[in-house]
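Asker: Take a look at start-v6.txt, compact mmCIF, C-alpha atoms:
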```
# COMPACT_ATOMS: atom_id res chain seq x y z
CA MET P 1 25.35 0.64 16.09
CA LYS P 2 23.81 -0.96 19.16
CA GLY P 3 20.60 0.99 18.54
CA LYS P 4 20.45 -0.12 14.89
CA ALA P 5 21.09 -3.73 15.88
CA LEU P 6 18.36 -3.59 18.52
CA GLY P 7 15.93 -2.09 16.02
CA TRP P 8 16.70 -4.81 13.51
CA LEU P 9 16.13 -7.50 16.12
CA LEU P 10 12.80 -5.97 17.14
CA ALA P 11 11.67 -5.70 13.51
CA SER P 12 12.69 -9.29 12.86
CA ALA P 13 10.81 -10.50 15.91
CA LEU P 14 7.68 -8.58 14.89
CA ALA P 15 7.86 -9.98 11.36
CA TRP P 16 8.30 -13.50 12.73
CA GLN P 17 5.25 -13.09 14.97
CA THR P 18 2.98 -11.60 12.28
CA ALA P 19 4.02 -13.87 9.40
CA PRO P 20 2.08 -16.92 10.68
CA ALA P 21 -1.02 -14.79 11.17
CA LEU P 22 -0.83 -13.51 7.61
CA ALA P 23 -0.14 -16.99 6.24
CA ALA P 24 -3.09 -18.39 8.18
CA ARG P 25 -5.56 -15.92 6.72
CA PRO P 26 -8.18 -18.21 5.15
CA VAL P 27 -8.98 -18.09 1.47
CA PRO P 28 -12.78 -17.96 1.09
CA THR P 29 -14.43 -20.92 -0.63
CA LEU P 30 -17.50 -20.41 -2.77
CA HIS P 31 -19.80 -23.29 -3.65
CA VAL P 32 -21.25 -22.89 -7.14
CA ALA P 33 -23.84 -24.88 -9.11
CA VAL P 34 -23.89 -24.61 -12.91
CA VAL P 35 -26.14 -25.99 -15.59
CA GLY P 36 -24.41 -28.97 -17.16
CA GLY P 37 -23.52 -27.51 -20.55
CA LEU P 38 -21.23 -24.90 -19.00
CA GLN P 39 -19.14 -27.66 -17.44
CA LEU P 40 -19.41 -30.08 -20.37
CA CYS P 41 -17.98 -27.68 -22.94
CA GLY P 42 -15.06 -26.73 -20.68
CA VAL P 43 -15.84 -23.02 -20.50
CA TRP P 44 -16.81 -22.91 -16.84
CA PRO P 45 -13.76 -24.86 -15.54
CA ALA P 46 -11.46 -22.51 -17.46
CA LEU P 47 -13.33 -19.39 -16.34
CA ALA P 48 -13.48 -20.54 -12.71
CA LYS P 49 -9.67 -20.75 -12.65
CA GLN P 50 -9.43 -17.21 -13.97
CA ALA P 51 -11.93 -16.00 -11.37
CA GLU P 52 -9.99 -17.67 -8.55
CA LYS P 53 -6.85 -15.78 -9.59
CA ALA P 54 -8.66 -12.47 -10.03
CA LEU P 55 -10.59 -12.62 -6.76
CA GLY P 56 -8.31 -14.61 -4.46
CA MET P 57 -10.93 -17.22 -3.64
CA HIS P 58 -11.43 -20.93 -4.08
CA ILE P 59 -14.38 -21.94 -6.28
CA GLU P 60 -15.85 -25.38 -5.77
CA THR P 61 -18.37 -26.57 -8.34
CA VAL P 62 -20.73 -28.67 -6.22
CA ALA P 63 -23.22 -29.49 -8.98
CA ALA P 64 -23.12 -29.49 -12.79
CA ALA P 65 -26.26 -31.00 -14.25
CA PRO P 66 -29.57 -30.23 -15.97
CA LYS P 67 -31.71 -27.71 -14.12
CA GLU P 68 -33.38 -30.46 -12.09
CA GLY P 69 -29.98 -31.25 -10.62
CA VAL P 70 -28.76 -27.73 -9.82
CA VAL P 71 -31.80 -25.76 -8.64
CA PRO P 72 -32.40 -27.91 -5.50
CA PRO P 73 -28.77 -27.64 -4.24
CA PHE P 74 -28.98 -23.86 -4.53
CA ALA P 75 -32.38 -23.71 -2.83
CA LYS P 76 -31.12 -25.87 0.08
CA GLY P 77 -27.99 -23.77 0.55
CA ASP P 78 -25.51 -26.36 -0.71
CA ALA P 79 -24.56 -23.79 -3.37
CA ASP P 80 -24.31 -20.03 -2.89
CA LEU P 81 -24.26 -19.06 -6.57
CA LEU P 82 -26.14 -20.57 -9.48
CA LEU P 83 -25.43 -20.18 -13.21
CA ILE P 84 -28.38 -21.34 -15.27
CA HIS P 85 -30.76 -20.30 -18.02
CA GLY P 86 -33.37 -17.74 -17.10
CA SER P 87 -36.52 -19.85 -16.69
CA ASP P 88 -39.66 -20.42 -14.67
CA GLU P 89 -37.50 -22.18 -12.06
CA THR P 90 -35.25 -19.18 -11.55
CA TYR P 91 -38.18 -16.79 -11.37
CA GLN P 92 -39.76 -19.09 -8.79
CA LEU P 93 -36.58 -18.97 -6.70
CA GLN P 94 -36.79 -15.20 -6.74
CA ALA P 95 -40.50 -15.21 -5.91
CA GLN P 96 -39.78 -17.43 -2.89
CA GLY P 97 -37.09 -15.08 -1.63
CA LEU P 98 -34.34 -17.65 -2.26
CA ALA P 99 -32.76 -15.66 -5.09
CA ALA P 100 -31.80 -12.03 -5.50
CA PRO P 101 -32.93 -10.22 -8.68
CA LEU P 102 -31.60 -12.13 -11.67
CA ARG P 103 -28.96 -10.64 -13.93
CA ALA P 104 -28.12 -11.73 -17.47
CA TRP P 105 -24.55 -12.99 -17.71
CA ALA P 106 -23.99 -14.98 -20.92
CA MET P 107 -25.73 -16.93 -23.66
CA ASN P 108 -25.57 -20.33 -25.30
CA GLU P 109 -26.70 -21.28 -28.79
CA HIS P 110 -29.32 -23.59 -30.25
CA VAL P 111 -28.90 -25.16 -33.65
CA ILE P 112 -31.02 -26.95 -36.22
CA VAL P 113 -30.03 -30.57 -36.72
CA GLY P 114 -31.39 -32.60 -39.62
CA PRO P 115 -30.90 -35.63 -41.84
CA LEU P 116 -27.70 -35.93 -43.86
CA THR P 117 -29.87 -35.70 -46.98
CA ASP P 118 -31.33 -32.36 -45.80
CA PRO P 119 -34.69 -32.77 -47.62
CA ALA P 120 -35.70 -29.13 -47.01
CA GLY P 121 -32.34 -27.74 -48.19
CA ILE P 122 -31.58 -25.60 -45.15
CA ALA P 123 -27.82 -26.07 -45.01
CA ASP P 124 -27.19 -22.91 -47.03
CA ALA P 125 -29.96 -20.84 -45.40
CA PRO P 126 -28.70 -17.41 -44.28
CA ASP P 127 -30.47 -17.59 -40.91
CA ALA P 128 -32.82 -19.67 -38.79
CA ALA P 129 -35.98 -17.89 -39.95
CA GLU P 130 -35.23 -18.81 -43.57
CA ALA P 131 -34.41 -22.37 -42.52
CA LEU P 132 -37.81 -22.68 -40.86
CA ARG P 133 -39.46 -21.16 -43.91
CA ARG P 134 -37.90 -23.88 -46.06
CA ILE P 135 -38.87 -26.63 -43.65
CA ILE P 136 -42.48 -25.44 -43.67
CA ALA P 137 -42.50 -25.09 -47.47
CA ALA P 138 -41.22 -28.66 -47.82
CA ASP P 139 -43.67 -29.84 -45.13
CA ALA P 140 -40.73 -31.60 -43.51
CA PRO P 141 -41.08 -32.98 -39.97
CA LEU P 142 -39.74 -30.73 -37.19
CA ILE P 143 -39.36 -31.34 -33.47
CA GLY P 144 -39.02 -27.80 -32.22
CA PHE P 145 -40.98 -28.00 -28.98
CA ARG P 146 -38.89 -30.50 -27.02
CA ASP P 147 -38.39 -28.24 -24.00
CA PRO P 148 -39.18 -24.65 -22.96
CA GLY P 149 -35.90 -23.41 -24.44
CA SER P 150 -36.49 -24.93 -27.87
CA PHE P 151 -40.14 -23.91 -27.78
CA GLY P 152 -39.33 -20.30 -26.96
CA ILE P 153 -36.76 -20.03 -29.75
CA VAL P 154 -38.91 -21.66 -32.43
CA HIS P 155 -42.07 -19.81 -31.43
CA GLY P 156 -40.21 -16.49 -31.43
CA LEU P 157 -38.75 -17.13 -34.87
CA LEU P 158 -42.10 -18.16 -36.33
CA ARG P 159 -43.83 -15.11 -34.88
CA SER P 160 -41.16 -12.59 -35.91
CA ALA P 161 -41.00 -13.99 -39.45
CA GLY P 162 -44.78 -14.26 -39.82
CA LEU P 163 -44.57 -18.01 -40.43
CA HIS P 164 -47.32 -20.54 -39.71
CA ALA P 165 -46.11 -24.01 -38.94
CA GLY P 166 -48.17 -26.96 -40.12
CA PRO P 167 -48.95 -30.04 -38.02
CA ARG P 168 -45.78 -31.78 -39.17
CA GLN P 169 -43.67 -28.89 -37.90
CA GLN P 170 -45.19 -29.13 -34.43
CA LEU P 171 -44.30 -32.70 -33.61
CA PHE P 172 -43.82 -33.64 -29.99
CA ASP P 173 -40.72 -35.41 -28.78
CA ASP P 174 -41.62 -39.07 -28.31
CA ALA P 175 -38.10 -40.14 -27.32
CA GLU P 176 -37.62 -41.99 -24.04
CA SER P 177 -35.31 -39.27 -22.72
CA PRO P 178 -34.39 -35.72 -23.81
CA GLN P 179 -30.97 -36.97 -24.90
CA GLN P 180 -32.62 -39.27 -27.48
CA VAL P 181 -34.48 -36.50 -29.33
CA LEU P 182 -32.26 -36.71 -32.42
CA ARG P 183 -32.94 -40.42 -32.76
CA SER P 184 -36.63 -39.56 -32.66
CA ALA P 185 -36.12 -36.92 -35.38
CA ALA P 186 -34.02 -39.32 -37.47
CA ALA P 187 -36.78 -41.94 -37.35
CA LYS P 188 -39.11 -39.34 -38.85
CA ASN P 189 -36.49 -38.11 -41.37
CA GLY P 190 -37.02 -34.72 -39.83
CA TYR P 191 -35.32 -31.82 -38.09
CA ALA P 192 -34.90 -30.79 -34.47
CA VAL P 193 -33.95 -27.60 -32.64
CA VAL P 194 -31.55 -28.44 -29.80
CA GLY P 195 -28.70 -26.96 -27.79
CA HIS P 196 -25.39 -26.93 -29.63
CA ILE P 197 -23.27 -28.08 -26.68
CA PRO P 198 -24.91 -31.48 -26.02
CA VAL P 199 -24.83 -32.30 -29.73
CA ALA P 200 -21.20 -31.30 -30.18
CA PHE P 201 -20.06 -33.23 -27.09
CA GLY P 202 -21.91 -36.45 -27.78
CA LYS P 203 -24.67 -36.16 -25.19
CA MET P 204 -27.29 -36.52 -27.94
CA PRO P 205 -26.70 -39.53 -30.21
CA SER P 206 -27.08 -38.23 -33.75
CA GLU P 207 -26.32 -41.06 -36.16
CA GLY P 208 -27.54 -40.12 -39.63
CA MET P 209 -27.99 -36.49 -38.54
CA ARG P 210 -25.81 -33.37 -38.60
CA VAL P 211 -25.87 -29.74 -37.57
CA LEU P 212 -27.23 -27.88 -40.59
CA LEU P 213 -27.63 -24.37 -39.20
CA LYS P 214 -25.76 -22.61 -36.42
CA GLY P 215 -24.46 -19.15 -35.58
CA ASP P 216 -27.75 -17.22 -35.63
CA PRO P 217 -27.95 -14.87 -32.59
CA ALA P 218 -31.74 -15.27 -32.72
CA MET P 219 -31.24 -18.84 -31.49
CA ARG P 220 -29.40 -17.96 -28.29
CA ARG P 221 -30.66 -18.39 -24.72
CA VAL P 222 -29.65 -16.27 -21.75
CA TYR P 223 -27.74 -17.57 -18.75
CA VAL P 224 -28.40 -15.65 -15.54
CA VAL P 225 -26.39 -15.21 -12.35
CA VAL P 226 -28.45 -16.27 -9.35
CA GLU P 227 -27.29 -14.89 -6.00
CA PRO P 228 -28.80 -15.71 -2.58
CA GLY P 229 -32.02 -13.90 -1.74
CA PRO P 230 -33.24 -12.92 1.76
CA ARG P 231 -34.53 -16.43 2.55
CA HIS P 232 -31.49 -18.31 1.26
CA PRO P 233 -29.60 -20.18 4.00
CA ALA P 234 -26.23 -18.59 3.11
CA SER P 235 -24.40 -16.69 5.82
CA VAL P 236 -23.44 -13.05 5.43
CA ALA P 237 -19.86 -14.01 4.55
CA ARG P 238 -20.99 -16.51 1.92
CA ARG P 239 -23.36 -13.94 0.41
CA GLN P 240 -20.55 -11.43 0.15
CA THR P 241 -18.29 -13.97 -1.55
CA ALA P 242 -21.07 -14.90 -3.99
CA HIS P 243 -21.67 -11.24 -4.76
CA ARG P 244 -17.98 -10.70 -5.50
CA LEU P 245 -18.02 -13.51 -8.06
CA ALA P 246 -21.27 -12.23 -9.61
CA GLU P 247 -19.82 -8.75 -9.99
CA TYR P 248 -16.70 -10.19 -11.57
CA LEU P 249 -18.69 -12.26 -14.08
CA LEU P 250 -20.59 -9.15 -15.17
CA SER P 251 -17.56 -6.88 -15.26
CA GLN P 252 -15.46 -6.05 -18.31
CA GLN P 253 -12.68 -8.26 -16.99
CA GLY P 254 -15.06 -11.16 -16.36
CA GLN P 255 -16.64 -10.90 -19.79
CA SER P 256 -13.21 -10.71 -21.42
CA ASP P 257 -12.08 -13.72 -19.39
CA LEU P 258 -15.23 -15.52 -20.57
CA GLN P 259 -14.19 -14.92 -24.17
CA ALA P 260 -10.71 -16.25 -23.39
CA ALA P 261 -12.17 -19.34 -21.69
CA ASN P 262 -14.42 -19.85 -24.70
CA HIS P 263 -11.42 -19.78 -27.00
CA GLN P 264 -9.50 -22.11 -24.70
CA ALA P 265 -12.39 -24.59 -24.80
CA GLY P 266 -12.46 -24.59 -28.60
CA GLY P 267 -15.68 -22.57 -28.83
CA PRO P 268 -17.66 -20.54 -29.46
CA TRP P 269 -19.92 -22.31 -26.95
CA VAL P 270 -20.81 -19.55 -24.50
CA PHE P 271 -21.27 -15.97 -25.64
CA PRO P 272 -20.82 -12.82 -23.52
CA GLY P 273 -24.09 -11.41 -22.27
CA ARG P 274 -22.84 -7.85 -21.96
CA ASN P 275 -21.47 -6.89 -25.34
CA ASP P 276 -21.30 -3.26 -24.23
CA LEU P 277 -18.54 -4.24 -21.81
CA ILE P 278 -16.35 -5.86 -24.44
CA ARG P 279 -13.79 -3.73 -26.19
```
What is this file in structure tokens?
Answerer:
Amino acid sequence: MKGKALGWLLASALAWQTAPALAARPVPTLHVAVVGGLQLCGVWPALAKQAEKALGMHIETVAAAPKEGVVPPFAKGDADLLLIHGSDETYQLQAQGLAAPLRAWAMNEHVIVGPLTDPAGIADAPDAAEALRRIIAADAPLIGFRDPGSFGIVHGLLRSAGLHAGPRQQLFDDAESPQQVLRSAAAKNGYAVVGHIPVAFGKMPSEGMRVLLKGDPAMRRVYVVVEPGPRHPASVARRQTAHRLAEYLLSQQGQSDLQAANHQAGGPWVFPGRNDLIR
């Protein structure tokens, strides 16, 4: 009995000594920058919570803004992971050694917004290519080249469908800011190709206008995961934490959690980029 009692006391003492050490083990914090739409629609906040649970880390979103507001924080080392559209800026980060090779993670959607009267009759078009065909046939005004994203989508659709836009379908955006593009289109009684998220969440005033075509996969843009490259200021530990989150986002669990976050946010707003990983 004395031996058992002594053993119990020793075990208790050892547990008492090691418990504080285990409790004090720090939870890694990862600083992340995301393009504004991911935060605005609510998908990223919901997904970040899921990732924290899955990976046992704390995720702090240090920047959520247009690309001009999230690329510099990543380049300076204020953020160790960047979620953004694949673009010239991300390729430049990689070329400078600040970013590791880019990997496609998810997609967002562009839509065609037009006047309530819909002069070209695109509301019942089966896809975006047919909508553009009708706009061209009606010689209706179109602002489809507002930014590189819109330009790439419209140009790709025109080329793949063998369409030739007239001068009135190649109007430039003369609005004072990108957020005012729909007011510019409304003044011309015309159409515009824009991201769905800013329209749906009131970042683009759209009085007298409405979304007339959505849901065409041909109008999606790719989000990429940007991890630190060899010249990024992140420490080895921060790089490892960033890589863990990147791997999670691209995994079957991460893509499934993305779908759940999308549903939670009332989407679809953000679409999985790896459909082969979804059951």
Asker: Find the spatial neighbours of range 258-271 of chain P, counting all atoms listed in the file, within a cut-off of 7 Å - ignore same-chain residues fewer than 4 positions away - and output them as a list of chain:residue names.
Answerer: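 Everything that qualifies: P:Cys41, P:Gly42, P:Val43, P:Ala46, P:Leu47, P:Ala106, P:Met107, P:Asn108, P:Ile197, P:Gly254.
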Asker: Applying 9 Å and only C-alpha atoms, which residues near Leu83 in chain P remain after dropping the ones on its own chain fewer than 5 positions away? List them as a list in words.
Answerer: Val32, Ala33, Val34, Val35, Leu38, Val70, Trp105, Tyr223, Val224, Val225 and Val226 of chain P
Asker: Create the file for the chosen residues now, containing C-alpha atoms and written as a PDB file, in the frame of the given file.
Answerer:
```pdb
ATOM      1  CA  VAL P  32     -21.250 -22.890  -7.140  1.00  0.00           C
ATOM      2  CA  ALA P  33     -23.840 -24.880  -9.110  1.00  0.00           C
ATOM      3  CA  VAL P  34     -23.890 -24.610 -12.910  1.00  0.00           C
ATOM      4  CA  VAL P  35     -26.140 -25.990 -15.590  1.00  0.00           C
ATOM      5  CA  LEU P  38     -21.230 -24.900 -19.000  1.00  0.00           C
ATOM      6  CA  VAL P  70     -28.760 -27.730  -9.820  1.00  0.00           C
ATOM      7  CA  TRP P 105     -24.550 -12.990 -17.710  1.00  0.00           C
ATOM      8  CA  TYR P 223     -27.740 -17.570 -18.750  1.00  0.00           C
ATOM      9  CA  VAL P 224     -28.400 -15.650 -15.540  1.00  0.00           C
ATOM     10  CA  VAL P 225     -26.390 -15.210 -12.350  1.00  0.00           C
ATOM     11  CA  VAL P 226     -28.450 -16.270  -9.350  1.00  0.00           C
TER      12      VAL P 226
END
```
Asker: Please provide the set of residues having any atom within 6 Å of range 175-188 of chain P, restricted to all atoms listed in the file, with same-chain residues fewer than 3 positions apart removed, written as a ChimeraX atom specification.
Answerer: /P:191,204,206
Asker: Show which residues sit within 7 Å of range 227-237 of chain P, as a count of residues only. Count all atoms listed in the file, and ignore same-chain residues fewer than 3 positions away.
Answerer: 13
Asker: Could you check the closest approach to Lys67 in chain P for each of P:Ala123, P:Gly149, P:Ala54, P:Gln96 and tell me which residue wins, using only C-alpha atoms?
Answerer: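 Among the listed residues, P:Gly149 lies closest to Lys67 in chain P.
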Asker: Just how far from CA of Val222 in chain P is CA of Tyr248 in chain P, in Å to one decimal?
Answerer: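 Going from CA of Tyr248 in chain P over to CA of Val222 in chain P, I get 17.6 Å.
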Asker: Any idea what the distance is between CA of Leu157 in chain P and CA of Pro66 in chain P?
Answerer: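 Between CA of Leu157 in chain P and CA of Pro66 in chain P the gap works out to 24.8 Å.
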Asker: State, in Å with one decimal place, the distance from CA of Pro272 in chain P to CA of Ser251 in chain P.
Answerer: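 Going from CA of Pro272 in chain P over to CA of Ser251 in chain P, I get 10.7 Å.
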Asker: Counting all atoms listed in the file, which of P:Arg134, P:His196, P:His155, P:Arg168 gets nearest to Asp216 in chain P?
Answerer: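 Distance minimum relative to Asp216 in chain P lands on P:His196.
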Asker: Pick from P:Ala218, P:Ala138, P:Leu55, P:Ala65: nearest to Leu40 in chain P, with all atoms listed in the file counted?
Answerer: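 Answer, going by the shortest atom-to-atom distance: P:Ala65.
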Asker: Which residue gives the smallest distance to Pro101 in chain P among P:Val193, P:Gln255, P:Ala120, P:Ala246, with all atoms listed in the file counted?
Answerer: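 Residue with the minimum atom-to-atom distance to Pro101 in chain P: P:Ala246.
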Asker: Could you check which of P:Lys76, P:Leu213, P:Glu52, P:His110 is closest to Glu130 in chain P, using only C-alpha atoms?
Answerer: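 So, comparing all the options, the nearest one is P:Leu213.
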Asker: Assuming the input is short of atoms at range 260-271 of chain P, produce all heavy atoms for that part as a compact mmCIF listing (two decimals), in the frame of the given file.
Answerer:
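Full text of rebuild-v4.txt as output:
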```txt
# COMPACT_ATOMS: atom_id res chain seq x y z
N ALA P 260 -11.96 -15.50 -23.38
CA ALA P 260 -10.71 -16.25 -23.39
C ALA P 260 -10.96 -17.71 -23.04
O ALA P 260 -10.39 -18.62 -23.67
CB ALA P 260 -9.72 -15.64 -22.40
N ALA P 261 -11.83 -17.96 -22.06
CA ALA P 261 -12.17 -19.34 -21.69
C ALA P 261 -12.88 -20.05 -22.82
O ALA P 261 -12.67 -21.25 -23.08
CB ALA P 261 -13.04 -19.34 -20.43
N ASN P 262 -13.72 -19.31 -23.53
CA ASN P 262 -14.42 -19.85 -24.70
C ASN P 262 -13.43 -20.30 -25.76
O ASN P 262 -13.53 -21.39 -26.33
CB ASN P 262 -15.34 -18.76 -25.26
CG ASN P 262 -16.60 -19.32 -25.86
OD1 ASN P 262 -16.83 -20.51 -25.89
ND2 ASN P 262 -17.43 -18.43 -26.37
N HIS P 263 -12.45 -19.46 -26.02
CA HIS P 263 -11.42 -19.78 -27.00
C HIS P 263 -10.60 -20.99 -26.54
O HIS P 263 -10.30 -21.89 -27.33
CB HIS P 263 -10.51 -18.57 -27.22
CG HIS P 263 -9.40 -18.81 -28.19
ND1 HIS P 263 -9.60 -18.89 -29.56
CD2 HIS P 263 -8.07 -19.03 -28.00
CE1 HIS P 263 -8.45 -19.12 -30.16
NE2 HIS P 263 -7.50 -19.21 -29.23
N GLN P 264 -10.27 -21.00 -25.26
CA GLN P 264 -9.50 -22.11 -24.70
C GLN P 264 -10.25 -23.43 -24.83
O GLN P 264 -9.64 -24.49 -25.03
CB GLN P 264 -9.18 -21.83 -23.23
CG GLN P 264 -8.33 -22.89 -22.54
CD GLN P 264 -8.04 -22.53 -21.10
OE1 GLN P 264 -8.10 -21.37 -20.71
NE2 GLN P 264 -7.71 -23.54 -20.29
N ALA P 265 -11.57 -23.39 -24.72
CA ALA P 265 -12.39 -24.59 -24.80
C ALA P 265 -12.74 -24.98 -26.23
O ALA P 265 -13.50 -25.93 -26.44
CB ALA P 265 -13.67 -24.39 -23.99
N GLY P 266 -12.20 -24.26 -27.21
CA GLY P 266 -12.46 -24.59 -28.60
C GLY P 266 -13.80 -24.12 -29.11
O GLY P 266 -14.34 -24.68 -30.06
N GLY P 267 -14.36 -23.09 -28.47
CA GLY P 267 -15.68 -22.57 -28.83
C GLY P 267 -15.71 -21.89 -30.18
O GLY P 267 -14.79 -22.06 -30.98
N PRO P 268 -16.78 -21.16 -30.46
CA PRO P 268 -17.66 -20.54 -29.46
C PRO P 268 -18.76 -21.48 -28.94
O PRO P 268 -19.46 -22.11 -29.74
CB PRO P 268 -18.29 -19.36 -30.21
CG PRO P 268 -18.31 -19.80 -31.66
CD PRO P 268 -17.09 -20.66 -31.82
N TRP P 269 -18.85 -21.57 -27.62
CA TRP P 269 -19.92 -22.31 -26.95
C TRP P 269 -20.78 -21.38 -26.09
O TRP P 269 -21.99 -21.51 -26.06
CB TRP P 269 -19.33 -23.41 -26.07
CG TRP P 269 -18.37 -24.32 -26.75
CD1 TRP P 269 -17.04 -24.48 -26.46
CD2 TRP P 269 -18.64 -25.20 -27.85
NE1 TRP P 269 -16.47 -25.40 -27.31
CE2 TRP P 269 -17.43 -25.86 -28.17
CE3 TRP P 269 -19.78 -25.49 -28.59
CZ2 TRP P 269 -17.33 -26.79 -29.20
CZ3 TRP P 269 -19.69 -26.41 -29.62
CH2 TRP P 269 -18.48 -27.05 -29.91
N VAL P 270 -20.11 -20.47 -25.39
CA VAL P 270 -20.81 -19.55 -24.50
C VAL P 270 -20.45 -18.12 -24.90
O VAL P 270 -19.27 -17.78 -25.00
CB VAL P 270 -20.41 -19.80 -23.02
CG1 VAL P 270 -21.17 -18.86 -22.09
CG2 VAL P 270 -20.68 -21.25 -22.64
N PHE P 271 -21.47 -17.31 -25.12
CA PHE P 271 -21.27 -15.97 -25.64
C PHE P 271 -21.47 -14.93 -24.54
O PHE P 271 -22.36 -15.08 -23.70
CB PHE P 271 -22.27 -15.70 -26.77
CG PHE P 271 -22.18 -16.69 -27.90
CD1 PHE P 271 -22.84 -17.91 -27.84
CD2 PHE P 271 -21.41 -16.42 -29.02
CE1 PHE P 271 -22.76 -18.83 -28.87
CE2 PHE P 271 -21.31 -17.33 -30.06
CZ PHE P 271 -21.98 -18.54 -29.97
```
